[in-house]
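Peer 1: First the structure, which I've put down as structure tokens, then a few questions once you've had a look.
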Amino acid sequence: MRYLRTQVLNRRSPQDQRLYVDVNNAVVMKTPNNLTLPVGTTAQRPVNPTNGMIRYNTDITTGGQVEVYQSGTWRNLRFNEPGKIVQQTLGVGDGESVYFGPISPSPASYTSTQSNMTWDLVQIAKNMLVIVENVIQLSNTNYTVVQNPIIDAETDTAYTSVPASNGSTTLYFSTSIYGSSASGDGTYVTILFEQQDSVPFAVGETVVIAGFSPSGYNGTFTVYSATNSQVVVTSNFNSTMLVAGTITSNYAQYPAVNLTGASVSGSYIDSGTTVVSYKTDSSTGALTSINLSKPTISGTMAAGTAITIHENSQSGNGYYVYFSSPVPVGKAVTALIGFDQ
């Protein structure tokens, strides 16, 4: 009688059942311990890999990663914990801009750490959630994703919120900010906000108040007085405030592109003046101030003076969301990134 024998891989112990090949040529492991994978760097990968190879790559992400050669490429194993979704504010619409970005982390980066592959732009767009203010946008209908775009030149007009004396190198503009509290006495409404670098609204200008509760606080009003921490408008509302909202000048500007290096012109502005740096409100994205490469000239610039800021066309570096039409003024663009993790 002929007997079938299990092939044991341990030559020193013919009865060892921890690792053996059975009669069906299946490799069987019977050990409560572990299997240690080959460990090495990316440069130490097999020269001629074949599908099904598995190893631990010490170069991938922090501490290394298990990778498998599948369908002709090395891919990282996915774990069962949830992926990290990154929320990024890409900018605020100015009624002209259609490019918003760059997306961070870069799609090429976060997909390559997962599978060492760069996805095409259509797939990248589908694996994002893009929201304009509170409206979800549809990929490849409302927006696409493009790489290294040429962003068109733009010209914006901002209005100073406070006077600027001869020789000033910083100009402050009427803007948009969030209020913290509001109260009314039947003649005026006073709205408090976080202290600003300068007075954010000019006396006599028109502002739009929105998002407050009760709704009687909301509407279009004329600024009666303003400081760097409050604004008083003409209004006969006098109820107790429950929820705070925003105060926005009709002149508010929302730079959707980098203003550094943009040319500046207007009354009291020397020729050849450019923007050295600028600030926007962290919550609304509205322009609050610019620093000039040359000081102002010829006397004091009054509050409410128009300043023209011209941004030349720019080369975007990285991946950008490209909308089929300009994003409306003041509408924030937010992207949720990482659904493909």
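Numbering starts fresh at 1 for the residues of each chain in the structure tokens, the chains themselves are lettered A, B, ... in the order given, and ligands are numbered from 1 as they appear.
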For segment 46-62 of chain A, find every residue with an atom within 10 Å (counting only C-alpha atoms), except residues of its own chain fewer than 3 positions away, and show them as an MDAnalysis selection string.

Peer 2: chainID A and resid 36:43 65:77 112:114 116

Peer 1: Would you list the contacts of Asn148 of chain A as a list in words, taking every protein, DNA or RNA residue within 8 Å and counting only C-alpha atoms, but skipping same-chain residues closer than 3 positions in sequence?

Peer 2: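 So the residues in contact are Ser315, Gly316, Asn317, Gly318, Tyr319 and Tyr320 of chain A.
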
Peer 1: Quick one: write out the picked residues with C-alpha atoms as a PDB file, in the first residue's frame?

Peer 2:
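The file below, out.pdb, is the result:
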ATOM      1  CA  SER A 315       0.728  80.473 -13.566  1.00  0.00           C
ATOM      2  CA  GLY A 316      -0.910  78.239 -11.004  1.00  0.00           C
ATOM      3  CA  ASN A 317       1.330  75.604  -9.430  1.00  0.00           C
ATOM      4  CA  GLY A 318      -0.493  72.374  -8.602  1.00  0.00           C
ATOM      5  CA  TYR A 319      -4.075  71.152  -8.927  1.00  0.00           C
ATOM      6  CA  TYR A 320      -6.932  73.683  -9.068  1.00  0.00           C
TER       7      TYR A 320
END

Peer 1: Within segment 68-268 of chain A, find each residue whose DSSP state, derived from the backbone, is helix (DSSP H, G or I), and express the selection as a ChimeraX atom specification.

Peer 2: /A:107-115,121-126,215-217

Peer 1: I'd like the neighbourhood of segment 188-193 of chain A as a ChimeraX atom specification, where a residue qualifies if any of its atoms comes within 9 Å (using only C-alpha atoms), though same-chain residues fewer than 3 positions away should be ignored.

Peer 2: /A:177-185,196,217,224,228-238,247

Peer 1: Please produce a file of the residues just selected, as a short mmCIF file (atom, residue, chain, number, x, y, z; two decimals), in the first residue's frame, where the atoms kept are N, CA and C atoms.

Peer 2:
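Resulting contents of selection32.cif:
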data_model
loop_
_atom_site.label_atom_id
_atom_site.label_comp_id
_atom_site.auth_asym_id
_atom_site.auth_seq_id
_atom_site.Cartn_x
_atom_site.Cartn_y
_atom_site.Cartn_z
N ILE A 177 -16.87 91.35 7.83
CA ILE A 177 -16.43 90.67 9.04
C ILE A 177 -17.63 90.08 9.77
N TYR A 178 -17.35 89.18 10.70
CA TYR A 178 -18.39 88.59 11.53
C TYR A 178 -18.58 89.44 12.78
N GLY A 179 -19.85 89.66 13.15
CA GLY A 179 -20.16 90.34 14.38
C GLY A 179 -20.16 89.38 15.55
N SER A 180 -20.04 89.92 16.75
CA SER A 180 -20.09 89.09 17.95
C SER A 180 -21.35 89.35 18.77
N SER A 181 -21.86 90.57 18.71
CA SER A 181 -23.11 90.90 19.42
C SER A 181 -23.72 92.13 18.78
N ALA A 182 -25.01 92.35 19.06
CA ALA A 182 -25.71 93.51 18.51
C ALA A 182 -26.78 93.97 19.49
N SER A 183 -27.05 95.26 19.45
CA SER A 183 -28.11 95.83 20.29
C SER A 183 -28.64 97.08 19.60
N GLY A 184 -29.92 97.39 19.85
CA GLY A 184 -30.53 98.56 19.25
C GLY A 184 -31.29 99.39 20.27
N ASP A 185 -31.43 100.69 19.99
CA ASP A 185 -32.16 101.57 20.91
C ASP A 185 -33.37 102.22 20.25
N GLN A 196 -10.10 94.99 15.10
CA GLN A 196 -9.39 94.96 13.84
C GLN A 196 -8.14 95.84 13.88
N TYR A 217 -32.55 92.59 12.53
CA TYR A 217 -31.21 93.20 12.45
C TYR A 217 -30.69 93.22 11.02
N TYR A 224 -23.36 105.01 10.59
CA TYR A 224 -23.42 106.28 11.32
C TYR A 224 -22.08 106.60 11.97
N ASN A 228 -12.58 100.44 15.45
CA ASN A 228 -11.98 99.17 15.05
C ASN A 228 -12.56 97.98 15.80
N SER A 229 -13.64 98.21 16.60
CA SER A 229 -14.29 97.09 17.29
C SER A 229 -15.81 97.17 17.28
N GLN A 230 -16.38 98.22 16.64
CA GLN A 230 -17.83 98.28 16.54
C GLN A 230 -18.25 99.18 15.39
N VAL A 231 -19.48 98.96 14.91
CA VAL A 231 -20.06 99.82 13.89
C VAL A 231 -21.49 100.15 14.32
N VAL A 232 -21.89 101.39 14.11
CA VAL A 232 -23.24 101.84 14.43
C VAL A 232 -23.93 102.21 13.13
N VAL A 233 -25.12 101.65 12.91
CA VAL A 233 -25.88 101.93 11.70
C VAL A 233 -27.23 102.53 12.09
N THR A 234 -27.81 103.25 11.15
CA THR A 234 -29.12 103.84 11.38
C THR A 234 -30.19 102.78 11.20
N SER A 235 -30.89 102.44 12.30
CA SER A 235 -31.92 101.40 12.26
C SER A 235 -32.79 101.57 13.49
N ASN A 236 -34.10 101.33 13.32
CA ASN A 236 -35.03 101.48 14.44
C ASN A 236 -35.31 100.16 15.17
N PHE A 237 -34.51 99.12 14.89
CA PHE A 237 -34.74 97.81 15.51
C PHE A 237 -34.13 97.80 16.91
N ASN A 238 -34.83 97.19 17.88
CA ASN A 238 -34.33 97.24 19.26
C ASN A 238 -34.59 95.95 20.05
N ILE A 247 -21.30 91.62 8.79
CA ILE A 247 -21.48 93.00 8.34
C ILE A 247 -20.58 93.16 7.12
#

Peer 1: Looking at A:Tyr251, A:Tyr159, A:Phe212, A:Tyr99, which one is nearest to Ser324 of chain A, with distances taken over only C-alpha atoms?

Peer 2: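 Checking each candidate against Ser324 of chain A, we get A:Tyr99 as the closest.
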
Peer 1: What is the atom CA of Gly204 of chain A-atom CA of Leu259 of chain A distance in Å, reported with one decimal?

Peer 2: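 If I compute the distance from atom CA of Gly204 of chain A to atom CA of Leu259 of chain A, I get 28.0 Å.
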
Peer 1: Just list the residues in segment 59-177 of chain A DSSP gives strand (DSSP E or B) on the backbone, as a ChimeraX atom specification.

Peer 2: /A:65-70,73-76,86-92,99-100,128-132,135-136,139,143-147,150-151,154-160,164,170-173,176-177

Peer 1: I need the residue nearest Gly95 of chain A from this list: A:Ser293, A:Gln253, A:Asn25, A:Asn33. Use only C-alpha atoms for the distance.

Peer 2: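 The answer is A:Gln253, which sits nearest to Gly95 of chain A.
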
Peer 1: Taking only C-alpha atoms into account, name the residue in A:Met241, A:Val199, A:Leu90, A:Val122 that is nearest to Val223 of chain A.

Peer 2: A:Val199

Peer 1: Quick one: residues within 12 Å of Ala286 of chain A, only C-alpha atoms counted, chain neighbours fewer than 3 positions away excluded, as an MDAnalysis selection string?

Peer 2: chainID A and resid 91:94 158 172:178 200 246:256 278:283 289:290 329:332

Peer 1: With N, CA and C atoms retained, export the selected residues as a short mmCIF file (atom, residue, chain, number, x, y, z; two decimals), in the first residue's frame.

Peer 2:
data_model
loop_
_atom_site.label_atom_id
_atom_site.label_comp_id
_atom_site.auth_asym_id
_atom_site.auth_seq_id
_atom_site.Cartn_x
_atom_site.Cartn_y
_atom_site.Cartn_z
N GLY A 91 -10.89 79.69 -1.21
CA GLY A 91 -11.00 81.12 -1.50
C GLY A 91 -12.45 81.56 -1.51
N VAL A 92 -12.65 82.80 -1.87
CA VAL A 92 -13.97 83.40 -1.91
C VAL A 92 -14.20 84.00 -3.29
N GLY A 93 -15.37 83.79 -3.84
CA GLY A 93 -15.67 84.29 -5.17
C GLY A 93 -15.63 85.81 -5.26
N ASP A 94 -15.17 86.31 -6.41
CA ASP A 94 -15.17 87.76 -6.65
C ASP A 94 -15.97 88.12 -7.89
N ALA A 158 -10.98 98.72 -4.78
CA ALA A 158 -11.25 98.72 -3.35
C ALA A 158 -11.34 100.15 -2.85
N TYR A 172 -6.10 100.70 4.35
CA TYR A 172 -7.14 99.84 4.92
C TYR A 172 -8.43 100.04 4.13
N PHE A 173 -9.16 98.95 3.94
CA PHE A 173 -10.31 98.97 3.05
C PHE A 173 -11.60 98.56 3.76
N SER A 174 -12.71 99.06 3.22
CA SER A 174 -14.02 98.60 3.67
C SER A 174 -14.13 97.12 3.34
N THR A 175 -14.63 96.33 4.29
CA THR A 175 -14.47 94.89 4.19
C THR A 175 -15.74 94.16 4.61
N SER A 176 -15.59 92.91 5.00
CA SER A 176 -16.68 92.08 5.50
C SER A 176 -16.17 91.30 6.70
N ILE A 177 -16.87 91.35 7.83
CA ILE A 177 -16.43 90.67 9.04
C ILE A 177 -17.63 90.08 9.77
N TYR A 178 -17.35 89.18 10.70
CA TYR A 178 -18.39 88.59 11.53
C TYR A 178 -18.58 89.44 12.78
N PRO A 200 -12.87 99.23 9.95
CA PRO A 200 -13.17 98.49 8.71
C PRO A 200 -14.28 99.08 7.86
N THR A 246 -22.96 88.55 9.78
CA THR A 246 -21.89 89.32 9.15
C THR A 246 -22.31 90.75 8.85
N ILE A 247 -21.30 91.62 8.79
CA ILE A 247 -21.48 93.00 8.34
C ILE A 247 -20.58 93.16 7.12
N THR A 248 -21.15 93.51 5.98
CA THR A 248 -20.39 93.53 4.73
C THR A 248 -20.59 94.85 4.01
N SER A 249 -19.47 95.50 3.71
CA SER A 249 -19.53 96.73 2.92
C SER A 249 -19.91 96.41 1.49
N ASN A 250 -20.66 97.32 0.86
CA ASN A 250 -20.95 97.17 -0.57
C ASN A 250 -19.68 97.24 -1.40
N TYR A 251 -18.59 97.76 -0.80
CA TYR A 251 -17.32 97.89 -1.51
C TYR A 251 -16.37 96.72 -1.24
N ALA A 252 -16.77 95.76 -0.45
CA ALA A 252 -15.88 94.67 -0.08
C ALA A 252 -15.33 93.94 -1.30
N GLN A 253 -14.02 93.62 -1.27
CA GLN A 253 -13.37 92.89 -2.34
C GLN A 253 -12.85 91.55 -1.81
N TYR A 254 -12.90 90.53 -2.65
CA TYR A 254 -12.50 89.19 -2.24
C TYR A 254 -11.43 88.67 -3.21
N PRO A 255 -10.18 88.88 -2.88
CA PRO A 255 -9.13 88.44 -3.82
C PRO A 255 -9.07 86.93 -3.94
N ALA A 256 -9.33 86.43 -5.15
CA ALA A 256 -9.29 84.99 -5.39
C ALA A 256 -7.94 84.54 -5.91
N TYR A 278 -0.50 91.68 1.74
CA TYR A 278 -1.90 92.06 1.97
C TYR A 278 -2.51 91.15 3.01
N LYS A 279 -3.66 91.58 3.54
CA LYS A 279 -4.39 90.78 4.53
C LYS A 279 -5.84 90.65 4.11
N THR A 280 -6.40 89.50 4.44
CA THR A 280 -7.84 89.27 4.25
C THR A 280 -8.42 88.83 5.58
N ASP A 281 -9.72 89.00 5.74
CA ASP A 281 -10.37 88.52 6.95
C ASP A 281 -10.37 86.99 6.96
N SER A 282 -9.96 86.42 8.08
CA SER A 282 -9.80 84.97 8.15
C SER A 282 -11.12 84.22 8.01
N SER A 283 -12.24 84.86 8.31
CA SER A 283 -13.54 84.19 8.26
C SER A 283 -14.27 84.43 6.94
N SER A 289 -6.53 94.99 4.00
CA SER A 289 -5.47 95.98 3.86
C SER A 289 -4.42 95.50 2.87
N ILE A 290 -3.63 96.48 2.35
CA ILE A 290 -2.47 96.16 1.52
C ILE A 290 -1.30 97.01 2.00
N VAL A 329 -19.76 86.84 -5.99
CA VAL A 329 -19.03 87.64 -5.00
C VAL A 329 -19.39 87.20 -3.58
N GLY A 330 -18.37 86.98 -2.77
CA GLY A 330 -18.56 86.68 -1.37
C GLY A 330 -18.91 85.25 -1.03
N LYS A 331 -19.00 84.38 -2.05
CA LYS A 331 -19.35 82.98 -1.81
C LYS A 331 -18.07 82.16 -1.59
N ALA A 332 -17.94 81.56 -0.41
CA ALA A 332 -16.74 80.80 -0.07
C ALA A 332 -16.74 79.46 -0.80
#

Peer 1: I'd like the contact shell of Thr144 of chain A - 8 Å cut-off, only C-alpha atoms, skipping same-chain residues fewer than 4 positions apart - returned as a PyMOL selection string.

Peer 2: chain A and resi 121-122+125+139-140+321-323

Peer 1: Pull C-alpha atoms from the residues just selected and write them as a CSV table (one decimal), in the first residue's frame.

Peer 2:
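selection-v4.csv written:
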chain,number,residue,atom,x,y,z
A,121,LEU,CA,-8.0,64.5,-13.5
A,122,VAL,CA,-11.6,63.2,-14.0
A,125,ALA,CA,-12.6,65.5,-9.4
A,139,SER,CA,-17.9,67.2,-10.6
A,140,ASN,CA,-17.5,67.6,-14.4
A,321,VAL,CA,-10.7,73.5,-9.1
A,322,TYR,CA,-12.0,75.1,-12.3
A,323,PHE,CA,-15.6,76.2,-12.4

Peer 1: Atom CA of Gly63 of chain A and atom CA of Pro107 of chain A are how many Å apart?

Peer 2: 21.8 Å

Peer 1: When distances are computed from only C-alpha atoms, which of A:Asn134, A:Thr296, A:Gln44, A:Gln314 shows the smallest separation from Ser267 of chain A?

Peer 2: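 Among the listed residues, A:Thr296 lies closest to Ser267 of chain A.
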
Peer 1: Restricting the calculation to only C-alpha atoms, which member of A:Ser161, A:Ser215, A:Ser277, A:Thr334 is positioned closest to Ile131 of chain A?

Peer 2: A:Thr334

Peer 1: Could you tell me how far atom CA of Thr155 of chain A lies from atom CA of Tyr268 of chain A, in Å and to one decimal?

Peer 2: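 Answer for the atom CA of Thr155 of chain A to atom CA of Tyr268 of chain A separation: 18.6 Å.
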
Peer 1: Would you list the contacts of Met29 of chain A as a list of chain:residue names, taking every protein, DNA or RNA residue within 7 Å and counting only C-alpha atoms, but skipping same-chain residues closer than 2 positions in sequence?

Peer 2: A:Arg18, A:Leu19, A:Tyr20, A:Val27, A:Thr31

Peer 1: Using only C-alpha atoms for the distances, tell me which of A:Val207, A:Val130, A:Leu35, A:Val21 is nearest to Gly338 of chain A.

Peer 2: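 Nearest to Gly338 of chain A: A:Val130.
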